[in-house]
$ cat entry25.tsv   # TSV, C-alpha atoms
chain	number	residue	atom	x	y	z
A	5	MET	CA	17.04	-83.26	17.81
A	6	ASP	CA	19.64	-83.86	20.53
A	7	ASN	CA	20.79	-81.10	22.88
A	8	LEU	CA	23.71	-80.08	20.67
A	9	SER	CA	21.52	-79.47	17.65
A	10	TYR	CA	19.28	-77.16	19.73
A	11	LEU	CA	22.41	-75.28	20.78
A	12	PHE	CA	23.58	-75.13	17.16
A	13	TRP	CA	20.26	-73.81	15.81
A	14	ALA	CA	19.91	-71.26	18.61
A	15	HIS	CA	23.28	-69.78	17.64
A	16	VAL	CA	22.61	-69.99	13.89
A	17	ILE	CA	19.36	-68.02	14.26
A	18	PHE	CA	20.97	-65.59	16.71
A	19	TRP	CA	23.87	-64.74	14.38
A	20	ILE	CA	21.77	-64.64	11.21
A	21	LEU	CA	19.33	-62.12	12.74
A	22	LEU	CA	22.13	-60.02	14.22
A	23	PHE	CA	24.08	-59.92	10.94
A	24	LEU	CA	20.92	-59.16	8.94
A	25	TYR	CA	20.34	-56.15	11.18
A	26	ILE	CA	23.97	-55.01	10.92
A	27	PHE	CA	23.98	-55.38	7.09
A	28	ASN	CA	20.71	-53.47	6.97
A	29	LEU	CA	22.29	-50.63	8.96
A	30	VAL	CA	25.40	-50.62	6.74
A	31	GLY	CA	23.23	-50.61	3.61
A	32	LYS	CA	21.09	-47.70	4.82
A	33	ASN	CA	24.21	-45.79	5.88
A	34	LYS	CA	25.86	-46.20	2.46
A	35	LYS	CA	22.68	-45.25	0.62
A	36	LEU	CA	22.22	-42.09	2.70
A	37	GLN	CA	25.88	-41.11	2.30
A	38	LYS	CA	25.54	-41.40	-1.49
A	39	GLU	CA	22.32	-39.37	-1.39
A	40	LEU	CA	23.99	-36.69	0.75
A	41	GLU	CA	26.97	-36.53	-1.59
A	42	ALA	CA	24.69	-36.16	-4.63
A	43	LEU	CA	22.68	-33.42	-2.91
A	44	LYS	CA	25.87	-31.55	-1.89
A	45	ASN	CA	27.12	-31.67	-5.48
A	46	SER	CA	23.76	-30.54	-6.80
A	47	ILE	CA	23.57	-27.61	-4.34
A	48	ASN	CA	27.15	-26.56	-5.10
A	49	LYS	CA	26.46	-26.72	-8.83
A	50	THR	CA	23.35	-24.55	-8.45
A	51	LYS	CA	25.32	-22.03	-6.35
A	52	GLU	CA	28.07	-21.88	-8.98
A	53	GLU	CA	25.52	-21.37	-11.74
A	54	LYS	CA	23.87	-18.55	-9.77
A	55	LEU	CA	27.26	-16.92	-9.23
A	56	THR	CA	28.03	-17.16	-12.95
A	57	TRP	CA	24.66	-15.57	-13.84
A	58	GLN	CA	25.27	-12.80	-11.34
A	59	LYS	CA	28.73	-12.11	-12.80
A	60	GLN	CA	27.34	-12.16	-16.33
A	61	GLY	CA	24.57	-9.79	-15.24
A	62	VAL	CA	27.10	-7.37	-13.72
A	63	ASN	CA	29.32	-7.46	-16.81
B	9	MET	CA	30.74	-47.41	7.23
B	10	ASN	CA	32.58	-44.25	6.24
B	11	GLY	CA	33.56	-41.41	8.50
B	12	LEU	CA	33.94	-43.46	11.67
B	13	SER	CA	35.63	-41.74	14.59
B	14	LYS	CA	38.66	-43.29	16.29
B	15	THR	CA	36.54	-44.03	19.39
B	16	MET	CA	33.93	-45.83	17.29
B	17	LYS	CA	36.60	-47.87	15.48
B	18	LEU	CA	38.07	-48.80	18.87
B	19	LEU	CA	34.64	-49.77	20.21
B	20	MET	CA	33.95	-51.90	17.12
B	21	GLY	CA	37.33	-53.61	17.51
B	22	LEU	CA	36.68	-54.27	21.18
B	23	THR	CA	33.21	-55.63	20.39
B	24	PHE	CA	34.66	-57.99	17.77
B	25	VAL	CA	37.34	-59.26	20.16
B	26	GLY	CA	34.72	-59.47	22.92
B	27	MET	CA	32.45	-61.60	20.71
B	28	ILE	CA	35.27	-64.05	19.99
B	29	ALA	CA	36.04	-64.14	23.74
B	30	SER	CA	32.34	-64.64	24.55
B	31	LEU	CA	32.11	-67.60	22.16
B	32	TYR	CA	35.22	-69.10	23.76
B	33	MET	CA	33.83	-68.55	27.26
B	34	ALA	CA	30.40	-69.95	26.40
B	35	PHE	CA	31.57	-73.03	24.50
B	36	ILE	CA	34.95	-73.93	26.03
B	37	TYR	CA	35.68	-72.10	29.29
B	38	ALA	CA	32.31	-72.52	31.03
B	39	PRO	CA	31.72	-75.99	32.52
B	40	THR	CA	28.88	-78.17	31.27
B	41	GLU	CA	25.80	-77.83	33.46
B	42	MET	CA	25.09	-81.10	35.29
B	43	VAL	CA	21.33	-81.34	34.77
B	44	MET	CA	20.71	-79.67	31.40
B	45	GLY	CA	24.01	-80.52	29.70
B	46	ASN	CA	25.29	-78.57	26.70
B	47	ILE	CA	21.94	-76.94	25.93
B	48	GLN	CA	22.56	-74.67	28.95
B	49	ARG	CA	25.31	-72.95	26.90
B	50	ILE	CA	22.53	-71.03	25.12
B	51	PHE	CA	22.21	-69.22	28.45
B	52	TYR	CA	25.23	-66.91	27.87
B	53	PHE	CA	23.96	-65.39	24.61
B	54	HIS	CA	20.34	-65.56	25.78
B	55	MET	CA	21.27	-63.49	28.85
B	56	GLY	CA	23.33	-61.16	26.65
B	57	ALA	CA	20.23	-60.50	24.57
B	58	VAL	CA	18.12	-59.99	27.73
B	59	TRP	CA	20.74	-57.55	29.01
B	60	VAL	CA	20.81	-55.47	25.79
B	61	ALA	CA	17.00	-55.36	25.66
B	62	THR	CA	16.94	-54.15	29.28
B	63	ILE	CA	19.50	-51.39	28.62
B	64	ALA	CA	17.77	-50.44	25.36
B	65	PHE	CA	14.31	-50.05	26.89
B	66	THR	CA	15.75	-48.16	29.88
B	67	VAL	CA	17.38	-45.77	27.41
B	68	VAL	CA	14.03	-45.40	25.59
B	69	PHE	CA	12.45	-44.49	28.94
B	70	ILE	CA	15.13	-41.90	29.85
B	71	ALA	CA	15.38	-40.45	26.32
B	72	SER	CA	11.57	-40.16	26.05
B	73	ILE	CA	11.43	-38.22	29.32
B	74	GLN	CA	14.27	-35.99	28.13
B	75	TYR	CA	12.51	-35.46	24.79
B	76	LEU	CA	9.29	-34.37	26.50
B	77	ARG	CA	11.30	-32.03	28.76
B	78	LYS	CA	13.73	-30.52	26.25
B	79	GLN	CA	11.94	-31.18	22.93
B	80	THR	CA	15.22	-31.72	21.10
B	81	ARG	CA	15.48	-34.07	18.14
B	82	PHE	CA	18.57	-35.77	19.68
B	83	TRP	CA	16.53	-37.43	22.45
B	84	ASP	CA	13.77	-38.39	20.04
B	85	ILE	CA	16.29	-40.08	17.75
B	86	MET	CA	17.93	-41.81	20.70
B	87	ALA	CA	14.61	-43.21	21.98
B	88	TYR	CA	13.54	-44.43	18.53
B	89	SER	CA	16.92	-45.99	17.72
B	90	SER	CA	17.20	-47.67	21.12
B	91	ALA	CA	13.66	-49.10	20.85
B	92	GLU	CA	14.54	-50.72	17.51
B	93	ILE	CA	17.60	-52.38	19.04
B	94	GLY	CA	15.54	-53.37	22.08
B	95	VAL	CA	12.92	-55.08	19.90
B	96	LEU	CA	15.63	-56.93	17.94
B	97	PHE	CA	17.21	-58.26	21.14
B	98	THR	CA	13.86	-59.12	22.73
B	99	THR	CA	13.14	-61.13	19.57
B	100	LEU	CA	16.49	-62.89	20.02
B	101	THR	CA	15.67	-63.45	23.71
B	102	ILE	CA	12.33	-65.06	22.85
B	103	ILE	CA	13.79	-67.24	20.07
B	104	THR	CA	16.83	-68.46	22.03
B	105	GLY	CA	14.69	-68.94	25.14
B	106	SER	CA	12.19	-70.96	23.17
B	107	ILE	CA	14.90	-73.20	21.67
B	108	TRP	CA	16.34	-73.67	25.17
B	109	ALA	CA	12.88	-74.46	26.61
B	110	LYS	CA	12.03	-77.25	24.17
B	111	PRO	CA	14.52	-79.90	25.42
B	112	VAL	CA	14.40	-78.66	29.05
B	113	TRP	CA	10.67	-78.03	29.60
B	114	GLY	CA	9.41	-80.20	26.74
B	115	THR	CA	7.65	-77.29	25.04
B	116	TRP	CA	8.63	-74.37	22.78
B	117	TRP	CA	6.46	-71.95	24.75
B	118	THR	CA	4.48	-71.80	27.96
B	119	TRP	CA	2.50	-68.94	29.46
B	120	ASP	CA	4.81	-68.71	32.46
B	121	PRO	CA	4.59	-65.25	34.17
B	122	GLN	CA	8.06	-64.17	33.01
B	123	LEU	CA	7.52	-65.34	29.45
B	124	THR	CA	4.10	-63.69	29.30
B	125	THR	CA	5.39	-60.32	30.59
B	126	THR	CA	8.35	-60.54	28.16
B	127	PHE	CA	5.94	-61.22	25.29
B	128	ILE	CA	3.83	-58.21	26.34
B	129	LEU	CA	6.99	-56.08	26.51
B	130	TRP	CA	7.93	-57.17	22.99
B	131	ILE	CA	4.46	-56.31	21.63
B	132	LEU	CA	4.43	-52.94	23.43
B	133	TYR	CA	7.70	-51.84	21.84
B	134	ILE	CA	6.66	-53.09	18.40
B	135	VAL	CA	3.60	-50.85	18.78
B	136	TYR	CA	5.93	-48.03	19.90
B	137	LEU	CA	8.05	-48.49	16.74
B	138	ILE	CA	4.96	-48.45	14.52
B	139	LEU	CA	3.71	-45.30	16.28
B	140	ARG	CA	7.08	-43.57	16.07
B	141	SER	CA	7.75	-44.47	12.44
B	142	SER	CA	4.29	-43.25	11.41
B	143	ALA	CA	4.92	-39.94	13.24
B	144	GLY	CA	7.74	-38.91	10.90
B	145	SER	CA	8.52	-35.25	11.60
B	146	ASP	CA	5.12	-34.62	13.24
B	147	VAL	CA	6.08	-33.29	16.70
B	148	LYS	CA	2.65	-34.02	18.21
B	149	LYS	CA	2.78	-37.69	17.20
B	150	ALA	CA	6.43	-37.92	18.29
B	151	LYS	CA	5.42	-36.66	21.73
B	152	PHE	CA	2.61	-39.22	21.86
B	153	ALA	CA	5.11	-41.96	20.96
B	154	ALA	CA	7.43	-40.69	23.74
B	155	VAL	CA	4.59	-40.94	26.29
B	156	PHE	CA	3.87	-44.46	25.03
B	157	GLY	CA	7.59	-45.31	25.38
B	158	ILE	CA	7.51	-44.20	29.01
B	159	ILE	CA	4.34	-46.17	29.82
B	160	ALA	CA	5.61	-49.30	28.00
B	161	PHE	CA	8.71	-49.25	30.22
B	162	LEU	CA	6.52	-50.00	33.25
B	163	ASP	CA	6.31	-53.60	32.02
B	164	LEU	CA	10.09	-54.09	32.33
B	165	PRO	CA	10.24	-54.27	36.16
B	166	LEU	CA	7.28	-56.67	35.94
B	167	VAL	CA	9.35	-59.04	33.77
B	168	TYR	CA	12.02	-59.24	36.48
B	169	ALA	CA	9.58	-59.26	39.41
B	170	SER	CA	7.36	-61.94	37.86
B	171	ALA	CA	10.12	-64.59	38.01
B	172	ARG	CA	10.77	-63.79	41.66
B	173	LEU	CA	7.29	-63.12	43.03
B	174	MET	CA	5.02	-65.38	40.99
B	175	ARG	CA	5.12	-69.15	40.71
B	176	GLY	CA	6.77	-69.73	37.38
B	177	ILE	CA	9.22	-72.17	35.85
B	178	SER	CA	11.75	-69.61	34.61
B	179	PRO	CA	15.08	-69.91	36.45
B	180	VAL	CA	16.29	-67.03	38.66
B	181	VAL	CA	20.01	-66.49	38.19
B	182	PHE	CA	20.67	-63.57	40.51
B	183	GLY	CA	19.28	-63.90	44.03
B	184	GLY	CA	15.82	-65.13	44.87
B	185	ARG	CA	14.85	-68.77	45.04
B	186	GLY	CA	17.28	-71.32	43.65
B	187	GLY	CA	19.60	-68.59	42.42
B	188	GLY	CA	23.31	-68.72	41.80
B	189	ILE	CA	25.61	-70.29	39.24
B	190	ALA	CA	29.13	-71.76	39.32
B	191	PRO	CA	31.95	-69.14	39.51
B	192	GLN	CA	33.30	-70.10	36.05
B	193	MET	CA	29.82	-69.71	34.58
B	194	MET	CA	29.55	-66.31	36.24
B	195	VAL	CA	32.87	-65.20	34.68
B	196	ALA	CA	31.68	-66.38	31.24
B	197	LEU	CA	28.39	-64.55	31.76
B	198	LEU	CA	30.14	-61.32	32.77
B	199	VAL	CA	32.35	-61.43	29.65
B	200	CYS	CA	29.20	-61.84	27.53
B	201	LEU	CA	27.38	-59.01	29.30
B	202	ILE	CA	30.32	-56.59	28.84
B	203	THR	CA	30.61	-57.54	25.15
B	204	PHE	CA	26.88	-57.16	24.57
B	205	THR	CA	26.97	-53.73	26.26
B	206	LEU	CA	29.69	-52.67	23.78
B	207	LEU	CA	27.63	-54.11	20.92
B	208	TYR	CA	24.62	-52.10	22.06
B	209	ILE	CA	26.66	-48.85	22.15
B	210	VAL	CA	28.02	-49.49	18.63
B	211	LEU	CA	24.58	-50.35	17.21
B	212	LEU	CA	22.92	-47.36	18.90
B	213	LYS	CA	25.52	-44.93	17.55
B	214	GLN	CA	25.21	-46.33	14.01
B	215	ARG	CA	21.41	-46.30	14.15
B	216	MET	CA	21.37	-42.72	15.46
B	217	ASP	CA	23.80	-41.67	12.69
B	218	ILE	CA	21.31	-42.98	10.12
B	219	GLU	CA	18.46	-40.89	11.58
B	220	GLU	CA	20.73	-37.82	11.66
B	221	MET	CA	21.68	-38.39	8.02
B	222	LYS	CA	17.99	-38.71	7.09
B	223	ASP	CA	17.39	-35.32	8.73
B	224	GLU	CA	20.34	-33.88	6.82
B	225	VAL	CA	18.97	-35.25	3.53
B	226	THR	CA	15.58	-33.65	4.23
B	227	ARG	CA	17.25	-30.33	5.11
B	228	MET	CA	19.39	-30.38	1.96
B	229	LYS	CA	16.44	-31.28	-0.26
B	230	LEU	CA	14.64	-28.21	1.09
B	231	GLU	CA	17.76	-26.10	0.49
B	232	GLU	CA	17.97	-27.42	-3.05
B	233	ALA	CA	14.32	-26.67	-3.72
B	234	LEU	CA	14.69	-23.02	-2.58
$ encode --input "entry25.tsv" --output "structure tokens"
Amino acid sequence: MDNLSYLFWAHVIFWILLFLYIFNLVGKNKKLQKELEALKNSINKTKEEKLTWQKQGVN
Amino acid sequence: MNGLSKTMKLLMGLTFVGMIASLYMAFIYAPTEMVMGNIQRIFYFHMGAVWVATIAFTVVFIASIQYLRKQTRFWDIMAYSSAEIGVLFTTLTIITGSIWAKPVWGTWWTWDPQLTTTFILWILYIVYLILRSSAGSDVKKAKFAAVFGIIAFLDLPLVYASARLMRGISPVVFGGRGGGIAPQMMVALLVCLITFTLLYIVLLKQRMDIEEMKDEVTRMKLEEAL
């Protein structure tokens, strides 16, 4: 390898590792946001159901 | 990523522009080093990685002390997140340094004092990450990891001192024996260091957001179960 190829490979490895880490962060973030959204919906649904039961019980 | 604040979007934009500028400075603006030639251009990103690792481990040190003092999850998350970024950039430091060393020193690796202390630093923080990730929400283990994070930091001044005090082959850029670089190289280096600082802030914020979201998921799962 000449000097330029060392320079090239140093940058290739640098950017690949950095982007892998960034994509990993983005992936985790998206997954957690979906999970949070699903949990929020589930909790809201349960609350609504409880309210409906309470109303039915009162009536 | 969704839900980014205006400040974060601005920081990301600045980091992107800074990275383009850093590449320009490293490959075009900076003059070719007379002895090493073009291979020396690794220096700008190598030093950027060294710089981020230094900031990251310093933050681990400060956040760990704050966690032990205040016992708030914020500092624990900050220390853990910063250590992960620190390990990534120490890995990049070791890899780029090794690729730089091969044509210049004739070897991929040598047990030079600075390289050895950097390697020890890398191992110490990998151990810290293993300790911290195994702790989960266990406060006792988290405190133990924080103490380890503080002790591991003691190796960082050694990395810098080793190049200056011991007889090694690592170059000293700032001060000490044989220090100093051409003014244009210094400008290119400063642009890289500023950009890498911005990159660190962006990565730390995103990594901390993930830990906060994990906490929120755990809290909501408990709420759902009740």
$ residues_around --input "entry25.tsv" --residues "Leu21 (chain A)" --least-positions-apart "3" --cutoff "10 Å" --atoms "only C-alpha atoms" --output "VMD selection string"
(chain A and resid 15 to 18 24 to 27) or (chain B and resid 96 to 97 99 to 100)
$ residues_around --input "entry25.tsv" --residues "Ala57 (chain B)" --least-positions-apart "4" --cutoff "8 Å" --atoms "only C-alpha atoms" --output "PyMOL selection string"
chain B and resi 53+61+97-98+100-101+204
$ closest_residue --input "entry25.tsv" --among "A:Val30, A:Thr56, A:Lys38, A:Phe23" --to "chain B" --atoms "only C-alpha atoms"
A:Val30
$ residues_near_point --input "entry25.tsv" --point "(23.3, -51.3, 21.7)" --cutoff "8 Å" --atoms "only C-alpha atoms" --output "JSON, numbers by chain"
{"B": [60, 63, 64, 90, 93, 204, 205, 206, 207, 208, 209, 210, 211, 212, 213]}
$ interface_residues --input "entry25.tsv" --of "chain A" --to "chain B" --cutoff "8 Å" --atoms "all atoms listed in the file" --output "PyMOL selection string"
chain A and resi 7-8+10-11+13-15+18+21+26+29-30+32-34+36-37+39-40+43-44+46-47
$ atom_distance --input "entry25.tsv" --atom1 "CA of Ile131 (chain B)" --atom2 "CA of Phe161 (chain B)"
11.9 Å
